[in-house]
Amino acid sequence: MGAPSRHEASVAVRPAAVTARGWGWRHAGRAKPAVRGLNLEIRPGERVLLLGPSGAGKSTLLHALAGVLGDINDDGGDASESDETGSLLVDGAVPREQRGRAGLMQQDPETQVVLSRVGDDVAFGAENLAVPRDAIWARVHEALDDVGLSHLPLDHPTSALSGGQKQRLALAGILAMRPGLILLDEPTANLDPAGVLEVRDAVGRCVDKTGATLVVVEHRVSVWKDLVDRIVVLQPGSATDDAVLLDGPPDQVLADARTMLAAAGVWVPGYVPETRARSANPAAGSGGLLLAAEHLAVSRERPRRSGFRKIPPVPVQRDVSAQVRAGQALAITGPNGAGKSTFALTVAGLLEPVAGKVSATLDLSRGAGIDPFKWKAEELIERIGTVFQEPEHQFVTGKVLDELLFGPRHLGHGEERVDELLERLRLTHLVDANPYTLSGGEKRRLSVATVLAAHPQVLVLDEPTFGQDANTWAELASFLSELLDAGTAVVSVTHDAEFTAALGGTELRMAAAEPVAP
């Protein structure tokens, strides 16, 4: 890695200006624009919180400002059929000509880690901007210090970081580039409460120090409102020729338009939308045992071989037990890195237990008492439906409607639920769209819908509410409550306390994982 230098002095960056004049963007293959008629001025050094319902084009705008919108579609295809109207400028120039002037941090911490060592990962962006080598390592040290990761050695493995640490690492990589415009796309959506504060506070320190312009997209206002000096609320591009619904100082916007914001699906402070209440006497929710996990040790690693010996992986969690019952919800909670998703995937039959056992019981006939990991794929899909944390991992077709029909057709089930799912999860207008071109919230709703379409008896959801505005959150929670009343079991990995409360049931809280010798 070479001997790093600290000789480059810390300097403030030149903050960027943003100007939009009637700007709009329609993705290739989409009938309606993601953004239309955007008129917006962001002065150098301003801090803006960008709000709006899911599908209002917030992520599209951030990608455009970063100069990465318009070359290729998310699925790798040619985007020449995309349509841009009006103008969008960073410091008076088209963003594509200003690449490196803006740094974009996205929702998922896992997708932003490029290299295997902390120092190399932070240096990556600056290296691509051809910053001199000695200057790069001075910036790496400074950026790690700014985000609170300076205690880590430069060769610390990025795979050993928690979700909050990975988001701060991504921020450090952006800061090492010295951008004048910092763009954050729901940077805390997948983090536990401690991780949320870690990332927000790191962002605050960085913009205080550098003076960079900040634009952050986040559904929940309370986390960011005291850090920004302006709130801009967007509305869907298909609804109006004016993309900006509201624009002003945070306290004024929240005071003057709280009811309007809540109706638009914005998570204003102190607001929790109403959801359908669970039935007191669900017809099919007998509480019969469907799955039992007994003294589980779990890991995503595979066993290794040393000669003739089989060496089991080091578990991320040990001795965890839980029961999944018909018509009841089980919430798996705890800090990032605790092994929640790994445990859920093991219970769902997608990972083999390191120790202990998972067994299917009662109503799951034709395999009762057997670990679901040993079932055939078609047996597993019709019994246990799993929604992964990364929605893209589930998509197998090129159209939203085909995605929803895929499971029922292959299992020989009826397709009667598809239209209901499209309407309830607000996907009807997207039936012909490519799943990979949807917004983050739309992708999540589609991934949930594709699993529900197969009528599983057990539903396992990994962070089902991330990226959702308040209205779609309420619709999803209400729909799941109906499924619970009908006898479906719902297992959810979540940091969302309101969602856990809405579904009721039991909570399995996992402690932070500690390295344990095998």
# chains A, B, ... in the order shown; residues from 1 in each chain; ligands from 1
call {"tool": "residues_around", "arguments": {"residues": "Leu50 in chain A", "least_positions_apart": "4", "cutoff": "6 Å", "atoms": "only C-alpha atoms", "output": "NGL selection string"}}
result
:A and (216-217 or 232-233)
call {"tool": "residues_around", "arguments": {"residues": "Ala160 in chain A", "least_positions_apart": "3", "cutoff": "10 Å", "atoms": "only C-alpha atoms", "output": "list in words"}}
result
Ser116, Arg117, Val118, His156, Pro157, Gly163, Gln165, Lys166 and Gly337 of chain A
call {"tool": "select_by_dssp", "arguments": {"residues": "range 294-496 of chain A", "states": "strand (DSSP E or B)", "output": "ChimeraX atom specification"}}
result
/A:294-298,304-306,309-311,317-325,329-333,355-360,384-387,458-462,489-493
call {"tool": "write_last_selection", "arguments": {"atoms": "C-alpha atoms", "output": "compact mmCIF listing (two decimals), in the first residue's frame"}}
result
# COMPACT_ATOMS: atom_id res chain seq x y z
CA GLU A 294 -33.47 -24.86 18.00
CA HIS A 295 -30.08 -23.73 19.33
CA LEU A 296 -29.00 -22.46 15.91
CA ALA A 297 -25.49 -21.35 15.04
CA VAL A 298 -25.52 -19.48 11.73
CA ARG A 304 -13.64 -25.43 4.48
CA ARG A 305 -11.58 -28.55 3.96
CA SER A 306 -8.08 -29.13 5.30
CA ARG A 309 -10.99 -32.65 7.69
CA LYS A 310 -14.11 -30.56 7.23
CA ILE A 311 -13.73 -27.26 9.10
CA GLN A 317 -24.50 -16.07 16.12
CA ARG A 318 -24.79 -19.15 18.35
CA ASP A 319 -27.51 -20.90 20.35
CA VAL A 320 -30.50 -18.94 18.97
CA SER A 321 -33.97 -20.47 19.18
CA ALA A 322 -37.29 -19.23 17.83
CA GLN A 323 -40.71 -20.43 16.70
CA VAL A 324 -42.71 -19.39 13.64
CA ARG A 325 -46.45 -19.84 14.10
CA ALA A 329 -45.56 -12.13 13.38
CA LEU A 330 -41.96 -12.58 14.50
CA ALA A 331 -39.73 -9.50 14.39
CA ILE A 332 -35.96 -10.06 14.39
CA THR A 333 -34.24 -6.93 15.70
CA ALA A 355 -25.12 -26.16 14.41
CA GLY A 356 -28.55 -26.79 15.89
CA LYS A 357 -31.52 -27.45 13.63
CA VAL A 358 -34.52 -25.99 11.80
CA SER A 359 -37.55 -28.22 11.40
CA ALA A 360 -40.87 -27.84 9.61
CA ILE A 384 -41.67 -20.16 2.41
CA GLY A 385 -41.38 -16.89 0.50
CA THR A 386 -38.26 -14.81 1.15
CA VAL A 387 -37.76 -11.12 0.34
CA VAL A 458 -44.50 -18.42 5.72
CA LEU A 459 -43.24 -15.01 4.62
CA VAL A 460 -39.68 -13.93 5.51
CA LEU A 461 -38.97 -10.23 4.90
CA ASP A 462 -35.57 -8.54 5.22
CA ALA A 489 -46.80 -16.34 9.33
CA VAL A 490 -44.68 -13.20 8.86
CA VAL A 491 -41.02 -13.09 9.89
CA SER A 492 -39.37 -9.70 9.44
CA VAL A 493 -35.82 -8.48 9.94
call {"tool": "select_by_dssp", "arguments": {"residues": "range 156-287 of chain A", "states": "alpha helix (DSSP H)", "output": "NGL selection string"}}
result
:A and (163-176 or 193-210 or 250-256 or 258-263)
call {"tool": "residues_around", "arguments": {"residues": "Trp473 in chain A", "least_positions_apart": "2", "cutoff": "10 Å", "atoms": "only C-alpha atoms", "output": "list in words"}}
result
Gly265, Val272, Pro273, Glu274, Thr275, Leu425, Gly441, Arg445, Pro464, Thr465, Phe466, Gly467, Gln468, Asp469, Ala470, Asn471, Glu475, Leu476, Ala477, Ser478, Phe479 and Phe499 of chain A
call {"tool": "residues_around", "arguments": {"residues": "Asp146 in chain A", "least_positions_apart": "3", "cutoff": "7 Å", "atoms": "only C-alpha atoms", "output": "list of chain:residue names"}}
result
A:Glu142, A:Ala143, A:Ala202, A:Arg205, A:Cys206
call {"tool": "closest_residue", "arguments": {"among": "A:Glu198, A:Val114, A:Gly211, A:Ala66", "to": "Leu184 in chain A", "atoms": "only C-alpha atoms"}}
result
A:Ala66
call {"tool": "residues_around", "arguments": {"residues": "Pro250 in chain A", "least_positions_apart": "4", "cutoff": "7 Å", "atoms": "only C-alpha atoms", "output": "MDAnalysis selection string"}}
result
chainID A and resid 225 229:231 254
call {"tool": "write_last_selection", "arguments": {"atoms": "N, CA, C and O atoms", "output": "short mmCIF file (atom, residue, chain, number, x, y, z; two decimals), in the first residue's frame"}}
result
data_model
loop_
_atom_site.label_atom_id
_atom_site.label_comp_id
_atom_site.auth_asym_id
_atom_site.auth_seq_id
_atom_site.Cartn_x
_atom_site.Cartn_y
_atom_site.Cartn_z
N LYS A 225 -33.49 17.22 9.91
CA LYS A 225 -34.02 18.59 9.82
C LYS A 225 -33.16 19.63 10.53
O LYS A 225 -33.10 20.78 10.09
N ASP A 229 -30.62 23.60 6.15
CA ASP A 229 -31.21 24.93 6.26
C ASP A 229 -32.36 25.13 5.28
O ASP A 229 -32.88 26.25 5.16
N ARG A 230 -32.77 24.05 4.61
CA ARG A 230 -33.83 24.19 3.62
C ARG A 230 -34.44 22.82 3.32
O ARG A 230 -33.74 21.82 3.30
N ILE A 231 -35.76 22.79 3.15
CA ILE A 231 -36.46 21.58 2.74
C ILE A 231 -37.12 21.83 1.39
O ILE A 231 -37.82 22.83 1.22
N LEU A 254 -42.41 22.66 7.87
CA LEU A 254 -43.06 21.68 8.73
C LEU A 254 -44.24 22.25 9.49
O LEU A 254 -45.22 21.55 9.75
#
call {"tool": "closest_residue", "arguments": {"among": "A:Ala16, A:Leu438, A:Ala338, A:Ala344", "to": "Pro33 in chain A", "atoms": "only C-alpha atoms"}}
result
A:Leu438
call {"tool": "residues_around", "arguments": {"residues": "range 390-406 of chain A", "least_positions_apart": "5", "cutoff": "9 Å", "atoms": "only C-alpha atoms", "output": "list of chain:residue names"}}
result
A:Asp108, A:Leu411, A:Glu415, A:Val418, A:Leu421, A:Leu422, A:Leu427, A:Thr428, A:Leu430, A:Val431, A:Asp432, A:Ala433, A:Asn434, A:Pro435, A:Tyr436, A:Gly440, A:Lys443, A:Arg444, A:Arg445, A:Leu446, A:Ser447, A:Val448, A:Ala449, A:Thr450, A:Val451, A:Leu452, A:Ala453, A:Ala454, A:Asp462
call {"tool": "atom_distance", "arguments": {"atom1": "CA of Glu416 in chain A", "atom2": "CA of Asp485 in chain A"}}
result
19.3 Å
call {"tool": "closest_residue", "arguments": {"among": "A:Val147, A:Leu290, A:Leu234, A:Ile174", "to": "Gly103 in chain A", "atoms": "only C-alpha atoms"}}
result
A:Ile174
call {"tool": "closest_residue", "arguments": {"among": "A:Arg178, A:Arg426, A:His455, A:His27", "to": "Leu69 in chain A", "atoms": "only C-alpha atoms"}}
result
A:His27
call {"tool": "closest_residue", "arguments": {"among": "A:Leu214, A:Val140, A:Leu291, A:Leu104", "to": "Asp120 in chain A", "atoms": "only C-alpha atoms"}}
result
A:Val140
call {"tool": "closest_residue", "arguments": {"among": "A:Gly334, A:Pro249, A:Gly125, A:Gly270", "to": "Arg220 in chain A", "atoms": "only C-alpha atoms"}}
result
A:Gly270
call {"tool": "residues_around", "arguments": {"residues": "Pro109 in chain A", "least_positions_apart": "3", "cutoff": "10 Å", "atoms": "only C-alpha atoms", "output": "MDAnalysis selection string"}}
result
chainID A and resid 105:106 112:113 162:170 187:191
call {"tool": "decode", "arguments": {"residues": "range 140-168 of chain A", "atoms": "N, CA, C and O atoms", "output": "PDB file, in the first residue's frame"}}
result
ATOM      1  N   VAL A 140      -6.778  10.450   2.498  1.00  0.00           N
ATOM      2  CA  VAL A 140      -7.343   9.248   3.108  1.00  0.00           C
ATOM      3  C   VAL A 140      -7.329   9.354   4.626  1.00  0.00           C
ATOM      4  O   VAL A 140      -8.343   9.116   5.296  1.00  0.00           O
ATOM      5  N   HIS A 141      -6.187   9.753   5.200  1.00  0.00           N
ATOM      6  CA  HIS A 141      -6.093   9.922   6.649  1.00  0.00           C
ATOM      7  C   HIS A 141      -7.088  10.967   7.146  1.00  0.00           C
ATOM      8  O   HIS A 141      -7.776  10.775   8.161  1.00  0.00           O
ATOM      9  N   GLU A 142      -7.151  12.070   6.440  1.00  0.00           N
ATOM     10  CA  GLU A 142      -8.039  13.157   6.872  1.00  0.00           C
ATOM     11  C   GLU A 142      -9.502  12.741   6.793  1.00  0.00           C
ATOM     12  O   GLU A 142     -10.296  13.018   7.708  1.00  0.00           O
ATOM     13  N   ALA A 143      -9.881  12.050   5.702  1.00  0.00           N
ATOM     14  CA  ALA A 143     -11.269  11.637   5.530  1.00  0.00           C
ATOM     15  C   ALA A 143     -11.681  10.607   6.578  1.00  0.00           C
ATOM     16  O   ALA A 143     -12.787  10.671   7.129  1.00  0.00           O
ATOM     17  N   LEU A 144     -10.808   9.647   6.872  1.00  0.00           N
ATOM     18  CA  LEU A 144     -11.120   8.657   7.898  1.00  0.00           C
ATOM     19  C   LEU A 144     -11.283   9.313   9.264  1.00  0.00           C
ATOM     20  O   LEU A 144     -12.136   8.917  10.065  1.00  0.00           O
ATOM     21  N   ASP A 145     -10.479  10.322   9.533  1.00  0.00           N
ATOM     22  CA  ASP A 145     -10.595  11.060  10.785  1.00  0.00           C
ATOM     23  C   ASP A 145     -11.921  11.810  10.835  1.00  0.00           C
ATOM     24  O   ASP A 145     -12.607  11.821  11.862  1.00  0.00           O
ATOM     25  N   ASP A 146     -12.303  12.420   9.712  1.00  0.00           N
ATOM     26  CA  ASP A 146     -13.540  13.197   9.660  1.00  0.00           C
ATOM     27  C   ASP A 146     -14.778  12.342   9.927  1.00  0.00           C
ATOM     28  O   ASP A 146     -15.755  12.817  10.523  1.00  0.00           O
ATOM     29  N   VAL A 147     -14.756  11.080   9.492  1.00  0.00           N
ATOM     30  CA  VAL A 147     -15.940  10.226   9.662  1.00  0.00           C
ATOM     31  C   VAL A 147     -15.834   9.315  10.877  1.00  0.00           C
ATOM     32  O   VAL A 147     -16.697   8.462  11.103  1.00  0.00           O
ATOM     33  N   GLY A 148     -14.786   9.488  11.682  1.00  0.00           N
ATOM     34  CA  GLY A 148     -14.664   8.723  12.909  1.00  0.00           C
ATOM     35  C   GLY A 148     -14.173   7.303  12.729  1.00  0.00           C
ATOM     36  O   GLY A 148     -14.477   6.422  13.547  1.00  0.00           O
ATOM     37  N   LEU A 149     -13.375   7.052  11.675  1.00  0.00           N
ATOM     38  CA  LEU A 149     -12.828   5.711  11.456  1.00  0.00           C
ATOM     39  C   LEU A 149     -11.304   5.706  11.491  1.00  0.00           C
ATOM     40  O   LEU A 149     -10.665   4.741  11.050  1.00  0.00           O
ATOM     41  N   SER A 150     -10.712   6.751  12.024  1.00  0.00           N
ATOM     42  CA  SER A 150      -9.248   6.846  12.014  1.00  0.00           C
ATOM     43  C   SER A 150      -8.589   5.819  12.926  1.00  0.00           C
ATOM     44  O   SER A 150      -7.383   5.582  12.832  1.00  0.00           O
ATOM     45  N   HIS A 151      -9.371   5.190  13.819  1.00  0.00           N
ATOM     46  CA  HIS A 151      -8.801   4.172  14.705  1.00  0.00           C
ATOM     47  C   HIS A 151      -8.532   2.856  13.972  1.00  0.00           C
ATOM     48  O   HIS A 151      -7.852   1.981  14.498  1.00  0.00           O
ATOM     49  N   LEU A 152      -9.073   2.714  12.765  1.00  0.00           N
ATOM     50  CA  LEU A 152      -8.881   1.475  12.017  1.00  0.00           C
ATOM     51  C   LEU A 152      -7.569   1.533  11.237  1.00  0.00           C
ATOM     52  O   LEU A 152      -7.253   2.556  10.624  1.00  0.00           O
ATOM     53  N   PRO A 153      -6.790   0.453  11.212  1.00  0.00           N
ATOM     54  CA  PRO A 153      -5.597   0.426  10.357  1.00  0.00           C
ATOM     55  C   PRO A 153      -6.010   0.449   8.891  1.00  0.00           C
ATOM     56  O   PRO A 153      -7.103   0.000   8.526  1.00  0.00           O
ATOM     57  N   LEU A 154      -5.147   0.969   8.031  1.00  0.00           N
ATOM     58  CA  LEU A 154      -5.477   1.096   6.621  1.00  0.00           C
ATOM     59  C   LEU A 154      -5.696  -0.257   5.955  1.00  0.00           C
ATOM     60  O   LEU A 154      -6.393  -0.339   4.934  1.00  0.00           O
ATOM     61  N   ASP A 155      -5.126  -1.310   6.509  1.00  0.00           N
ATOM     62  CA  ASP A 155      -5.319  -2.627   5.907  1.00  0.00           C
ATOM     63  C   ASP A 155      -6.441  -3.417   6.584  1.00  0.00           C
ATOM     64  O   ASP A 155      -6.584  -4.623   6.370  1.00  0.00           O
ATOM     65  N   HIS A 156      -7.263  -2.742   7.387  1.00  0.00           N
ATOM     66  CA  HIS A 156      -8.409  -3.402   8.035  1.00  0.00           C
ATOM     67  C   HIS A 156      -9.375  -3.891   6.956  1.00  0.00           C
ATOM     68  O   HIS A 156      -9.712  -3.156   6.027  1.00  0.00           O
ATOM     69  N   PRO A 157      -9.851  -5.136   7.029  1.00  0.00           N
ATOM     70  CA  PRO A 157     -10.744  -5.655   5.978  1.00  0.00           C
ATOM     71  C   PRO A 157     -12.104  -4.961   5.973  1.00  0.00           C
ATOM     72  O   PRO A 157     -12.746  -4.836   7.019  1.00  0.00           O
ATOM     73  N   THR A 158     -12.528  -4.520   4.810  1.00  0.00           N
ATOM     74  CA  THR A 158     -13.828  -3.855   4.703  1.00  0.00           C
ATOM     75  C   THR A 158     -14.966  -4.831   4.991  1.00  0.00           C
ATOM     76  O   THR A 158     -16.050  -4.419   5.419  1.00  0.00           O
ATOM     77  N   SER A 159     -14.732  -6.121   4.790  1.00  0.00           N
ATOM     78  CA  SER A 159     -15.771  -7.112   5.059  1.00  0.00           C
ATOM     79  C   SER A 159     -16.090  -7.229   6.538  1.00  0.00           C
ATOM     80  O   SER A 159     -17.150  -7.760   6.902  1.00  0.00           O
ATOM     81  N   ALA A 160     -15.204  -6.737   7.396  1.00  0.00           N
ATOM     82  CA  ALA A 160     -15.405  -6.846   8.846  1.00  0.00           C
ATOM     83  C   ALA A 160     -16.139  -5.634   9.421  1.00  0.00           C
ATOM     84  O   ALA A 160     -16.351  -5.561  10.630  1.00  0.00           O
ATOM     85  N   LEU A 161     -16.542  -4.683   8.569  1.00  0.00           N
ATOM     86  CA  LEU A 161     -17.210  -3.479   9.048  1.00  0.00           C
ATOM     87  C   LEU A 161     -18.706  -3.712   9.206  1.00  0.00           C
ATOM     88  O   LEU A 161     -19.314  -4.488   8.463  1.00  0.00           O
ATOM     89  N   SER A 162     -19.315  -2.991  10.153  1.00  0.00           N
ATOM     90  CA  SER A 162     -20.762  -3.016  10.310  1.00  0.00           C
ATOM     91  C   SER A 162     -21.404  -2.156   9.221  1.00  0.00           C
ATOM     92  O   SER A 162     -20.715  -1.448   8.474  1.00  0.00           O
ATOM     93  N   GLY A 163     -22.743  -2.200   9.142  1.00  0.00           N
ATOM     94  CA  GLY A 163     -23.446  -1.388   8.153  1.00  0.00           C
ATOM     95  C   GLY A 163     -23.175   0.092   8.321  1.00  0.00           C
ATOM     96  O   GLY A 163     -22.925   0.819   7.344  1.00  0.00           O
ATOM     97  N   GLY A 164     -23.214   0.577   9.575  1.00  0.00           N
ATOM     98  CA  GLY A 164     -22.946   1.991   9.828  1.00  0.00           C
ATOM     99  C   GLY A 164     -21.517   2.368   9.470  1.00  0.00           C
ATOM    100  O   GLY A 164     -21.255   3.456   8.934  1.00  0.00           O
ATOM    101  N   GLN A 165     -20.578   1.480   9.751  1.00  0.00           N
ATOM    102  CA  GLN A 165     -19.183   1.740   9.411  1.00  0.00           C
ATOM    103  C   GLN A 165     -18.986   1.761   7.893  1.00  0.00           C
ATOM    104  O   GLN A 165     -18.214   2.569   7.369  1.00  0.00           O
ATOM    105  N   LYS A 166     -19.688   0.890   7.184  1.00  0.00           N
ATOM    106  CA  LYS A 166     -19.564   0.884   5.724  1.00  0.00           C
ATOM    107  C   LYS A 166     -20.123   2.171   5.110  1.00  0.00           C
ATOM    108  O   LYS A 166     -19.568   2.685   4.132  1.00  0.00           O
ATOM    109  N   GLN A 167     -21.204   2.685   5.675  1.00  0.00           N
ATOM    110  CA  GLN A 167     -21.721   3.951   5.168  1.00  0.00           C
ATOM    111  C   GLN A 167     -20.734   5.087   5.450  1.00  0.00           C
ATOM    112  O   GLN A 167     -20.521   5.966   4.609  1.00  0.00           O
ATOM    113  N   ARG A 168     -20.136   5.081   6.628  1.00  0.00           N
ATOM    114  CA  ARG A 168     -19.128   6.106   6.925  1.00  0.00           C
ATOM    115  C   ARG A 168     -17.889   5.935   6.055  1.00  0.00           C
ATOM    116  O   ARG A 168     -17.241   6.918   5.675  1.00  0.00           O
TER     117      ARG A 168
END
